[in-house]
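Raw contents of data.cif, mmCIF, C-alpha atoms and all ligand atoms:
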```cif
data_input
loop_
_atom_site.label_atom_id
_atom_site.label_comp_id
_atom_site.auth_asym_id
_atom_site.auth_seq_id
_atom_site.Cartn_x
_atom_site.Cartn_y
_atom_site.Cartn_z
CA MET A 7 52.12 78.94 -90.52
CA PHE A 8 48.94 77.09 -89.58
CA ARG A 9 49.09 73.49 -88.42
CA VAL A 10 46.34 72.94 -90.99
CA PRO A 11 46.43 75.72 -93.58
CA PHE A 12 43.34 76.22 -95.76
CA VAL A 13 45.36 75.91 -98.95
CA ASN A 14 48.96 74.84 -99.30
CA TYR A 15 50.44 75.90 -102.62
CA LYS A 16 53.97 75.19 -101.44
CA ILE A 17 53.40 71.55 -100.67
CA GLN A 18 51.45 71.13 -103.91
CA TYR A 19 54.44 72.47 -105.81
CA GLN A 20 56.98 70.44 -103.84
CA GLU A 21 55.08 67.26 -104.62
CA LEU A 22 55.63 67.71 -108.38
CA LYS A 23 58.74 69.90 -108.28
CA PRO A 24 61.12 67.75 -110.37
CA GLU A 25 58.56 67.29 -113.13
CA LEU A 26 57.32 70.86 -113.06
CA ASP A 27 60.81 72.38 -113.02
CA LYS A 28 61.83 70.24 -115.96
CA LYS A 29 58.73 71.23 -117.92
CA ILE A 30 59.10 74.93 -117.15
CA GLN A 31 62.75 74.85 -118.24
CA ASP A 32 61.74 73.03 -121.39
CA VAL A 33 59.14 75.69 -122.28
CA PHE A 34 61.69 78.48 -121.77
CA ASP A 35 64.31 76.61 -123.80
CA ARG A 36 61.84 76.23 -126.65
CA GLY A 37 60.78 79.87 -126.34
CA ASP A 38 57.15 78.78 -126.52
CA LEU A 39 55.34 81.55 -124.68
CA ILE A 40 52.09 82.45 -126.42
CA LEU A 41 49.55 80.02 -127.92
CA ARG A 42 52.04 77.25 -128.61
CA GLN A 43 51.86 73.47 -128.54
CA ASP A 44 51.35 73.26 -124.78
CA VAL A 45 48.07 75.18 -125.05
CA GLU A 46 46.92 72.87 -127.84
CA GLU A 47 47.91 69.83 -125.82
CA PHE A 48 46.06 71.16 -122.79
CA GLU A 49 42.95 71.85 -124.84
CA LYS A 50 43.03 68.29 -126.09
CA ASN A 51 43.55 66.91 -122.59
CA LEU A 52 40.60 68.87 -121.28
CA ALA A 53 38.25 68.09 -124.18
CA ASP A 54 39.08 64.37 -123.93
CA PHE A 55 38.63 64.35 -120.18
CA LEU A 56 35.20 65.99 -120.43
CA GLY A 57 34.11 64.11 -123.52
CA VAL A 58 33.44 67.27 -125.55
CA GLU A 59 34.57 68.36 -129.01
CA TYR A 60 36.33 71.58 -128.14
CA ALA A 61 38.15 73.20 -125.25
CA ILE A 62 39.57 76.70 -125.52
CA GLY A 63 42.21 77.83 -123.05
CA LEU A 64 41.74 81.29 -121.56
CA ASN A 65 43.38 83.44 -118.95
CA SER A 66 40.66 82.87 -116.36
CA GLY A 67 37.36 81.28 -115.50
CA THR A 68 35.81 84.72 -115.36
CA ASP A 69 36.64 85.36 -119.02
CA ALA A 70 35.30 81.90 -119.84
CA LEU A 71 31.94 83.03 -118.42
CA ILE A 72 32.01 86.45 -120.05
CA PHE A 73 32.98 85.07 -123.46
CA SER A 74 30.57 82.18 -123.55
CA LEU A 75 27.64 84.44 -122.66
CA LYS A 76 28.77 86.90 -125.34
CA ALA A 77 29.22 84.13 -127.91
CA ALA A 78 25.72 82.91 -127.05
CA GLY A 79 24.43 86.34 -128.05
CA ILE A 80 23.55 87.63 -124.57
CA LYS A 81 23.23 91.40 -124.69
CA GLU A 82 21.66 94.47 -123.15
CA GLY A 83 18.02 93.99 -122.23
CA ASP A 84 18.39 90.22 -121.74
CA GLU A 85 17.91 88.50 -118.43
CA VAL A 86 20.12 85.66 -117.28
CA ILE A 87 19.09 83.47 -114.36
CA THR A 88 21.78 82.35 -111.96
CA VAL A 89 22.22 82.10 -108.18
CA SER A 90 23.28 84.46 -105.43
CA HIS A 91 25.10 81.67 -103.60
CA THR A 92 28.16 81.55 -105.86
CA PHE A 93 31.46 83.29 -106.48
CA PHE A 94 30.96 86.88 -107.66
CA ALA A 95 32.45 86.20 -111.12
CA THR A 96 29.27 84.38 -112.18
CA ILE A 97 27.21 87.52 -111.67
CA GLU A 98 29.88 89.88 -113.02
CA ALA A 99 29.99 87.97 -116.30
CA ILE A 100 26.30 88.70 -116.85
CA ILE A 101 26.74 92.39 -115.97
CA HIS A 102 29.73 92.71 -118.33
CA ASN A 103 27.49 91.59 -121.18
CA GLY A 104 25.03 94.37 -120.37
CA ALA A 105 22.39 91.84 -119.30
CA LYS A 106 20.44 91.68 -116.07
CA PRO A 107 21.34 88.99 -113.54
CA VAL A 108 18.24 87.40 -112.04
CA LEU A 109 19.26 85.53 -108.92
CA ALA A 110 17.52 82.35 -107.86
CA GLU A 111 17.34 80.80 -104.43
CA ALA A 112 19.60 77.94 -103.41
CA GLY A 113 18.35 74.64 -102.08
CA GLU A 114 19.51 72.44 -99.20
CA ASP A 115 22.40 71.21 -101.37
CA TYR A 116 23.61 74.83 -101.83
CA LEU A 117 22.76 74.64 -105.57
CA MET A 118 20.16 76.38 -107.71
CA ASP A 119 16.59 75.47 -106.72
CA MET A 120 15.18 74.60 -110.14
CA ASP A 121 11.53 75.22 -109.26
CA LYS A 122 12.32 78.65 -107.86
CA ALA A 123 14.48 79.37 -110.91
CA GLU A 124 11.66 78.47 -113.29
CA ALA A 125 9.35 80.90 -111.51
CA LEU A 126 11.76 83.73 -112.41
CA ILE A 127 11.55 83.21 -116.17
CA THR A 128 10.12 86.17 -118.11
CA LYS A 129 9.88 87.09 -121.80
CA ARG A 130 13.34 88.64 -121.47
CA THR A 131 15.05 85.57 -120.05
CA LYS A 132 17.59 84.34 -122.59
CA ALA A 133 19.92 82.13 -120.62
CA ILE A 134 20.26 80.14 -117.45
CA LEU A 135 23.61 79.80 -115.73
CA PRO A 136 23.79 76.96 -113.19
CA VAL A 137 26.76 76.92 -110.84
CA HIS A 138 28.12 73.51 -109.83
CA LEU A 139 29.27 74.85 -106.50
CA ASN A 140 31.70 73.01 -104.22
CA GLY A 141 32.24 70.25 -106.78
CA ARG A 142 28.66 69.00 -107.02
CA VAL A 143 26.65 69.15 -110.23
CA CYS A 144 23.19 70.76 -110.27
CA ASP A 145 20.18 68.67 -111.21
CA MET A 146 20.87 69.00 -114.91
CA GLU A 147 17.91 66.85 -115.90
CA LYS A 148 15.51 69.39 -114.44
CA LEU A 149 17.56 72.30 -115.69
CA LEU A 150 17.82 71.09 -119.27
CA ALA A 151 14.10 70.32 -119.32
CA LEU A 152 13.17 73.81 -118.22
CA ALA A 153 15.72 75.37 -120.58
CA GLN A 154 14.20 73.46 -123.47
CA LYS A 155 10.65 74.31 -122.42
CA HIS A 156 11.44 78.03 -122.29
CA ASN A 157 14.01 78.09 -125.08
CA LEU A 158 16.92 79.22 -122.91
CA VAL A 159 20.63 78.99 -123.57
CA VAL A 160 22.48 76.98 -120.91
CA ILE A 161 25.94 78.13 -119.85
CA GLU A 162 27.45 76.15 -116.96
CA ASP A 163 29.73 77.61 -114.35
CA ALA A 164 31.81 74.49 -113.74
CA ALA A 165 34.74 76.39 -112.20
CA GLN A 166 34.48 74.29 -109.03
CA ALA A 167 33.47 71.03 -110.62
CA LEU A 168 36.14 69.63 -112.94
CA GLY A 169 35.48 65.88 -112.97
CA ALA A 170 32.19 66.01 -111.06
CA LYS A 171 29.34 64.07 -112.64
CA PHE A 172 25.55 64.03 -112.73
CA LYS A 173 24.10 60.68 -113.83
CA GLY A 174 27.49 59.76 -115.23
CA LYS A 175 27.93 62.91 -117.33
CA LYS A 176 30.61 65.43 -116.50
CA ALA A 177 30.03 68.99 -115.33
CA GLY A 178 30.55 71.45 -118.14
CA SER A 179 29.42 69.03 -120.86
CA PHE A 180 25.65 69.57 -120.60
CA GLY A 181 25.10 73.10 -121.82
CA LEU A 182 26.06 75.15 -124.86
CA ALA A 183 29.28 75.91 -122.97
CA GLY A 184 30.97 74.88 -119.74
CA CYS A 185 33.26 77.34 -117.99
CA PHE A 186 36.30 76.23 -116.01
CA SER A 187 38.86 77.92 -113.81
CA PHE A 188 42.36 76.73 -113.05
CA TYR A 189 42.99 79.32 -110.37
CA PRO A 190 45.60 77.80 -108.01
CA ALA A 191 43.07 76.78 -105.35
CA LYS A 192 40.88 74.93 -107.83
CA ILE A 193 41.03 71.16 -108.11
CA LEU A 194 43.36 71.47 -111.10
CA GLY A 195 45.31 74.61 -110.28
CA ALA A 196 47.84 76.47 -112.41
CA LEU A 197 50.77 78.36 -110.90
CA GLY A 198 48.84 81.53 -111.65
CA ASP A 199 45.57 82.35 -113.40
CA ALA A 200 44.01 80.17 -116.09
CA GLY A 201 40.61 79.11 -117.39
CA ALA A 202 38.82 77.45 -120.29
CA VAL A 203 35.55 77.06 -122.17
CA ALA A 204 34.38 73.57 -123.13
CA THR A 205 31.78 73.04 -125.83
CA ASP A 206 30.45 70.71 -128.50
CA ASN A 207 29.36 73.68 -130.57
CA GLU A 208 31.71 74.68 -133.36
CA GLU A 209 30.40 78.24 -133.58
CA MET A 210 30.83 78.75 -129.83
CA ALA A 211 34.39 77.41 -130.01
CA LYS A 212 35.24 79.66 -132.92
CA LYS A 213 33.88 82.79 -131.25
CA VAL A 214 35.64 82.15 -127.95
CA ARG A 215 38.91 81.62 -129.85
CA LEU A 216 38.38 84.96 -131.58
CA PHE A 217 37.52 86.78 -128.36
CA ARG A 218 40.63 85.56 -126.56
CA ASN A 219 43.00 86.87 -129.23
CA HIS A 220 41.79 90.18 -130.68
CA GLY A 221 39.36 88.64 -133.11
CA GLN A 222 42.22 87.29 -135.20
CA MET A 223 42.03 84.15 -137.27
CA LYS A 224 44.16 82.67 -140.01
CA ASN A 225 42.29 82.43 -143.30
CA SER A 226 42.64 79.61 -145.81
CA GLU A 227 45.79 81.22 -147.25
CA GLY A 228 47.35 81.35 -143.81
CA ARG A 229 46.99 85.10 -143.55
CA VAL A 230 45.67 86.70 -140.35
CA GLU A 231 42.24 88.24 -140.69
CA ILE A 232 40.43 90.24 -138.05
CA ILE A 233 36.93 88.82 -137.72
CA SER A 234 35.66 90.49 -134.55
CA TYR A 235 36.66 92.73 -131.66
CA GLY A 236 38.45 90.78 -129.00
CA TRP A 237 40.64 90.84 -125.92
CA THR A 238 43.97 89.58 -124.62
CA SER A 239 42.76 86.51 -122.79
CA ARG A 240 44.84 83.59 -123.97
CA LEU A 241 45.78 80.76 -121.67
CA ASP A 242 49.45 81.40 -120.99
CA ASN A 243 51.52 78.71 -122.72
CA LEU A 244 53.66 78.19 -119.62
CA GLN A 245 50.55 77.69 -117.47
CA ALA A 246 49.23 75.23 -120.05
CA ALA A 247 52.46 73.23 -119.79
CA ILE A 248 52.16 73.22 -115.98
CA LEU A 249 48.53 72.13 -116.19
CA ASN A 250 49.49 69.30 -118.55
CA VAL A 251 51.88 67.94 -115.91
CA LYS A 252 49.17 68.21 -113.27
CA PHE A 253 46.53 66.66 -115.50
CA SER A 254 48.17 63.26 -115.09
CA ARG A 255 47.38 63.47 -111.35
CA LEU A 256 43.81 64.70 -111.64
CA GLN A 257 42.07 61.35 -111.30
CA LYS A 258 44.14 60.45 -108.25
CA TRP A 259 43.48 63.84 -106.66
CA ILE A 260 39.74 63.46 -107.19
CA GLU A 261 39.79 60.09 -105.43
CA LYS A 262 41.86 61.56 -102.60
CA ARG A 263 39.45 64.45 -102.16
CA ARG A 264 36.54 62.03 -101.96
CA GLU A 265 38.38 60.00 -99.34
CA ILE A 266 39.08 63.06 -97.22
CA ALA A 267 35.45 64.14 -97.51
CA GLU A 268 34.44 60.68 -96.27
CA LEU A 269 36.69 61.12 -93.22
CA TYR A 270 35.01 64.44 -92.46
CA TYR A 271 31.56 62.87 -92.83
CA GLN A 272 32.46 60.03 -90.48
CA GLY A 273 34.17 62.31 -87.99
CA LEU A 274 31.50 65.00 -87.84
CA VAL A 275 28.25 63.12 -88.39
CA ARG A 276 27.40 63.08 -84.71
CA VAL A 277 27.91 66.78 -84.08
CA PRO A 278 24.33 68.12 -83.87
CA GLU A 279 25.39 71.76 -84.21
CA ILE A 280 26.68 71.06 -87.72
CA LYS A 281 24.93 70.32 -91.01
CA LEU A 282 27.17 68.40 -93.36
CA PRO A 283 27.10 68.99 -97.13
CA PRO A 284 25.08 66.61 -99.33
CA LYS A 285 26.81 63.31 -100.00
CA SER A 286 27.63 61.72 -103.31
CA ASP A 287 24.78 59.42 -104.28
CA GLU A 288 23.51 57.45 -107.25
CA ASP A 289 23.10 60.58 -109.36
CA HIS A 290 25.94 62.70 -108.02
CA PHE A 291 29.66 62.02 -108.26
CA ASP A 292 31.05 64.90 -106.20
CA ILE A 293 34.66 66.02 -106.29
CA TYR A 294 34.65 68.21 -103.15
CA GLN A 295 36.30 71.33 -104.46
CA ASN A 296 35.24 72.61 -101.04
CA PHE A 297 33.94 70.93 -97.91
CA VAL A 298 31.32 73.38 -96.73
CA ILE A 299 29.44 72.82 -93.50
CA ARG A 300 26.67 74.84 -91.92
CA ALA A 301 27.65 75.56 -88.37
CA GLN A 302 25.93 77.04 -85.35
CA LYS A 303 27.97 79.90 -83.87
CA ARG A 304 29.87 79.89 -87.14
CA ASP A 305 32.04 82.97 -86.52
CA ALA A 306 33.04 81.78 -83.05
CA LEU A 307 33.88 78.37 -84.50
CA SER A 308 36.11 79.99 -87.09
CA GLU A 309 37.89 82.01 -84.39
CA PHE A 310 38.32 78.96 -82.20
CA LEU A 311 39.79 76.94 -85.06
CA LYS A 312 42.17 79.78 -85.85
CA GLU A 313 43.39 79.73 -82.25
CA LYS A 314 43.90 76.00 -82.70
CA SER A 315 45.96 76.73 -85.81
CA VAL A 316 43.34 75.47 -88.24
CA GLU A 317 42.66 77.84 -91.10
CA THR A 318 39.11 77.93 -92.51
CA LEU A 319 37.34 80.07 -95.08
CA ILE A 320 34.23 82.19 -94.72
CA LYS A 321 33.90 83.40 -98.26
CA ASP A 322 31.01 85.81 -98.14
CA PRO A 323 29.87 86.89 -94.69
CA VAL A 324 26.75 88.29 -96.37
CA ALA A 325 25.01 86.91 -99.45
CA LEU A 326 26.15 88.48 -102.72
CA HIS A 327 22.74 90.07 -103.42
CA GLN A 328 23.13 91.91 -100.09
CA GLN A 329 26.38 93.52 -101.21
CA PRO A 330 25.93 97.27 -101.78
CA ILE A 331 26.70 96.90 -105.48
CA LEU A 332 23.82 94.46 -106.02
CA LYS A 333 21.35 95.83 -103.46
CA ASN A 334 19.50 97.95 -106.06
CA PHE A 335 18.21 94.82 -107.77
CA GLY A 336 16.13 94.18 -104.65
CA PHE A 337 16.49 90.40 -104.53
CA LYS A 338 14.98 88.69 -101.51
CA LEU A 339 16.50 85.26 -100.99
CA PRO A 340 16.08 84.30 -97.34
CA PHE A 341 17.71 80.89 -97.63
CA SER A 342 20.78 82.23 -99.44
CA GLU A 343 21.04 84.87 -96.71
CA GLU A 344 20.81 82.18 -94.07
CA LEU A 345 23.49 80.17 -95.84
CA ALA A 346 25.83 83.15 -95.97
CA LYS A 347 25.55 83.41 -92.19
CA ALA A 348 26.12 79.73 -91.52
CA VAL A 349 28.59 78.31 -94.04
CA ILE A 350 32.25 77.72 -93.38
CA SER A 351 34.74 75.75 -95.49
CA LEU A 352 37.08 73.26 -93.87
CA PRO A 353 40.52 72.57 -95.39
CA LEU A 354 40.35 69.90 -98.07
CA TYR A 355 43.10 69.15 -100.57
CA PRO A 356 44.86 65.93 -101.56
CA GLN A 357 48.08 66.72 -99.70
CA LEU A 358 46.41 66.87 -96.28
CA ALA A 359 47.75 64.24 -93.91
CA ARG A 360 45.32 61.99 -92.10
CA GLU A 361 46.60 63.34 -88.82
CA GLN A 362 45.67 66.87 -89.92
CA ILE A 363 42.14 65.86 -90.89
CA GLU A 364 41.63 64.10 -87.57
CA TYR A 365 42.98 67.16 -85.81
CA VAL A 366 40.43 69.40 -87.57
CA ILE A 367 37.60 67.01 -86.66
CA ASN A 368 38.68 66.92 -83.01
CA CYS A 369 38.97 70.69 -82.83
CA VAL A 370 35.45 71.14 -84.22
CA LYS A 371 34.11 68.63 -81.68
CA GLU A 372 36.01 70.34 -78.89
CA PHE A 373 34.44 73.68 -79.77
CA TYR A 374 30.92 72.35 -79.32
CA THR A 375 31.61 70.43 -76.12
CA LYS A 376 33.79 72.93 -74.28
C1 LIG B 1 36.89 80.40 -109.35
C2 LIG B 1 35.50 80.64 -109.84
C3 LIG B 1 35.24 81.47 -110.95
C4 LIG B 1 36.23 82.35 -111.60
O1 LIG B 1 37.41 81.81 -111.98
P1 LIG B 1 38.74 82.70 -112.13
O2 LIG B 1 39.64 81.79 -112.87
O3 LIG B 1 39.22 83.03 -110.77
O4 LIG B 1 38.38 83.91 -112.92
C5 LIG B 1 33.94 81.53 -111.39
N1 LIG B 1 32.93 80.88 -110.78
C6 LIG B 1 33.15 80.11 -109.72
C7 LIG B 1 32.01 79.38 -109.09
C8 LIG B 1 34.43 79.98 -109.20
O5 LIG B 1 34.63 79.23 -108.11
#
```
For this file, produce the structure as structure tokens.
Ligand SMILES: *Cc1c(COP(=O)(O)O)cnc(C)c1O
Amino acid sequence: MFRVPFVNYKIQYQELKPELDKKIQDVFDRGDLILRQDVEEFEKNLADFLGVEYAIGLNSGTDALIFSLKAAGIKEGDEVITVSHTFFATIEAIIHNGAKPVLAEAGEDYLMDMDKAEALITKRTKAILPVHLNGRVCDMEKLLALAQKHNLVVIEDAAQALGAKFKGKKAGSFGLAGCFSFYPAKILGALGDAGAVATDNEEMAKKVRLFRNHGQMKNSEGRVEIISYGWTSRLDNLQAAILNVKFSRLQKWIEKRREIAELYYQGLVRVPEIKLPPKSDEDHFDIYQNFVIRAQKRDALSEFLKEKSVETLIKDPVALHQQPILKNFGFKLPFSEELAKAVISLPLYPQLAREQIEYVINCVKEFYTK
């Protein structure tokens, strides 16, 4: 066990154990396993939190991306612009719809560079898929303007940004659909896999509901009709119940994450070998899903921290477009490649003790002064 583990599912469970155990028992006693009241309650919680009309619970954030692109009509021959500097699911979702991912360069804030993205638009471009990476929202003013100018569908990958805001508006509420993940390590984590689509568009909501449950819908007489081909991708009712318990803590956890980020900023600001992530400002309310720094001698730093019993994460040692499976597309994104070589995530979750955070800061400093 690390002195500072990168994630700590056990402590997160222990913190809410009495409430969670009671809720889980209650769900089993009711026998409510598939698409029951807890899913509906969760969907309402999420829609209210985001300020959107509809939220549809799914089994993962990946399916949220796949389904919303499909519901938006993305198909073979279409191009969808997104970034290389993301989690692979963003790109997979485009591929699974038969479309071509067109990967844009990231900027200093690790997010899509909107000018470089606009330069990639062709006659085939149908959609643009911004990723609000690390809990910071892309410049949605610029993005929406260019989407409107070029008549593009906007699907947001908000898997890392539940509660993050741009100019006061929440991630996942700007586009035709916002995609969320409740994977355990996410800011609101289930005790297993879970995801959701958020939208104001009735047609989008209806299609995603069909896709998650074999295209089935009850008609006006209450009989089940099959409207489309679909999948098994429902949000598990038990996970929904667990997420409902956790939802009541979300606001507090967001504040806690922002406080911890502030401690990292203060502690590391004078380390010249490190570039800190962009800070929350007038336009950005960041929720710090991850605290990602750019570090000189990154791999050695990671090793040193491991020896010091601090667990860190280097997600992609090479940029995604350099992976063999994507190499054929021939993307050249020097800054994304540079990022892949330099970024490392420090532990950040609400249950971290102050002493642990200070320990991480001191270890990082020690590495560069030893
Ligand atoms: C976690 C994540 C996903 C996928 O979510 P799953 O629930 O794991 O399928 C997609 N995009 C980003 C940016 C993510 O971080």
Counting all atoms listed in the file, which residues of chain A fall within 7 Å of ligand LIG 1 (chain B), and what is the closest atom pair for each with its distance in Å at one decimal, ordered by chain and rising number, as a Markdown table?
```
| residue | atom | partner | partner_atom | distance |
| --- | --- | --- | --- | --- |
| A:Ser66 | CA | B:LIG1 | O2 | 3.8 |
| A:Gly67 | CA | B:LIG1 | O2 | 3.5 |
| A:Thr68 | CA | B:LIG1 | O4 | 3.6 |
| A:Asp69 | CA | B:LIG1 | O4 | 6.5 |
| A:Thr92 | CA | B:LIG1 | C7 | 5.5 |
| A:Phe93 | CA | B:LIG1 | C7 | 4.7 |
| A:Ala95 | CA | B:LIG1 | C5 | 4.9 |
| A:Thr96 | CA | B:LIG1 | N1 | 5.3 |
| A:Val137 | CA | B:LIG1 | C7 | 6.1 |
| A:Leu139 | CA | B:LIG1 | C7 | 5.9 |
| A:Asp163 | CA | B:LIG1 | N1 | 5.8 |
| A:Ala164 | CA | B:LIG1 | C7 | 6.8 |
| A:Ala165 | CA | B:LIG1 | C8 | 4.7 |
| A:Gln166 | CA | B:LIG1 | O5 | 5.0 |
| A:Phe186 | CA | B:LIG1 | O1 | 7.0 |
| A:Ser187 | CA | B:LIG1 | O2 | 4.1 |
| A:Phe188 | CA | B:LIG1 | O2 | 5.7 |
| A:Tyr189 | CA | B:LIG1 | O2 | 4.9 |
| A:Lys192 | CA | B:LIG1 | C1 | 6.9 |
| A:Asp199 | CA | B:LIG1 | O2 | 6.0 |
| A:Ala200 | CA | B:LIG1 | O2 | 5.7 |
| A:Gly201 | CA | B:LIG1 | O2 | 5.3 |
```
Range 70-175 of chain A near range 281-286 of chain A within 9 Å: what's each residue's closest atom pair and its distance in Å to one decimal, counting all atoms listed in the file, ordered by chain then ascending residue number, as CSV?
```
residue,atom,partner,partner_atom,distance
A:Glu114,CA,A:Pro284,CA,8.1
A:Asp115,CA,A:Pro284,CA,5.7
A:Tyr116,CA,A:Pro283,CA,8.3
A:Arg142,CA,A:Ser286,CA,8.2
```
For Asn103 in chain A, the closest of A:Val230, A:Val349, A:Ile80, A:Ala151 counting only C-alpha atoms is A:Ile80
Nearby residues (all atoms listed in the file) at most 9 Å from Glu279 in chain A, same-chain spacing under 3 positions excluded, as a VMD selection string = chain A and resid 276 300 to 303 374
Who sits within 7 Å of range 234-248 of chain A, all atoms listed in the file, same chain under 6 positions skipped, as number ranges by chain = A: 26, 29-30, 33, 38-42, 44-45, 48, 63-65, 196-197, 200-201, 216-221
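When all atoms listed in the file are used to measure the gap to Lys173 in chain A, the shortest distance among A:Lys262, A:His290, A:His102, A:Arg255 belongs to A:His290.
Atom to atom, CA of Phe297 in chain A and CA of Pro353 in chain A stand 7.2 Å apart.
With distances taken over all atoms listed in the file, A:Glu162 is the one residue among A:Asp322, A:Glu313, A:Glu162, A:Glu25 lying closest to Ser74 in chain A.
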Could you check how far CA of Glu288 in chain A sits from CA of Ala170 in chain A, in Å to one decimal?
-> 12.8 Å
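Residues in contact range of Asp289 in chain A, defined as at most 9 Å between only C-alpha atoms, with sequence neighbours fewer than 5 positions away removed, read Asp145, Lys171, Phe172, Lys173 and Gly174 of chain A.
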Would you list the residues near (29.6, 76.8, -120.5), meaning any protein, DNA or RNA residue with an atom at most 8 Å from that point in file coordinates, counting only C-alpha atoms, as a PyMOL selection string?
-> chain A and resi 70-71+74+160-164+178-179+181-185+203-205
Take the selection from the previous step and output its residues with C-alpha atoms, as a PDB file, in the coordinates of the input.
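Dumped to result-v8.pdb:
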```
ATOM      1  CA  ALA A  70      35.300  81.900-119.840  1.00  0.00           C
ATOM      2  CA  LEU A  71      31.940  83.030-118.420  1.00  0.00           C
ATOM      3  CA  SER A  74      30.570  82.180-123.550  1.00  0.00           C
ATOM      4  CA  VAL A 160      22.480  76.980-120.910  1.00  0.00           C
ATOM      5  CA  ILE A 161      25.940  78.130-119.850  1.00  0.00           C
ATOM      6  CA  GLU A 162      27.450  76.150-116.960  1.00  0.00           C
ATOM      7  CA  ASP A 163      29.730  77.610-114.350  1.00  0.00           C
ATOM      8  CA  ALA A 164      31.810  74.490-113.740  1.00  0.00           C
ATOM      9  CA  GLY A 178      30.550  71.450-118.140  1.00  0.00           C
ATOM     10  CA  SER A 179      29.420  69.030-120.860  1.00  0.00           C
ATOM     11  CA  GLY A 181      25.100  73.100-121.820  1.00  0.00           C
ATOM     12  CA  LEU A 182      26.060  75.150-124.860  1.00  0.00           C
ATOM     13  CA  ALA A 183      29.280  75.910-122.970  1.00  0.00           C
ATOM     14  CA  GLY A 184      30.970  74.880-119.740  1.00  0.00           C
ATOM     15  CA  CYS A 185      33.260  77.340-117.990  1.00  0.00           C
ATOM     16  CA  VAL A 203      35.550  77.060-122.170  1.00  0.00           C
ATOM     17  CA  ALA A 204      34.380  73.570-123.130  1.00  0.00           C
ATOM     18  CA  THR A 205      31.780  73.040-125.830  1.00  0.00           C
TER      19      THR A 205
END
```
Minimum-distance residue to Pro340 in chain A, chosen among A:Pro11, A:Gly113, A:Gly83, A:Pro24 (using only C-alpha atoms) | A:Gly113
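Here CA of Ile280 in chain A and CA of Asn14 in chain A stand 25.4 Å from one another.
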For Glu372 in chain A, the nearest of the candidates A:Val298, A:Val277, A:Ser351, A:Asn207, counting only C-alpha atoms | A:Val277
Got a sec: who's within 8 Å of Val86 in chain A, counting only C-alpha atoms, leaving out chain neighbours fewer than 4 positions off, as a VMD selection string?
-> chain A and resid 100 105 to 108 131 to 135
Taking (39.9, 66.6, -87.3) in the file's coordinates as the center, which residues reach within 12 Å of it, counting only C-alpha atoms, put as an NGL selection string?
-> :A and (9-10 or 266-267 or 269-274 or 311 or 314-316 or 352-354 or 358-373)
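The residue that comes closest to Leu256 in chain A, out of A:Phe12, A:Gln31, A:Leu194, A:Lys76 and on the basis of only C-alpha atoms, is A:Leu194.
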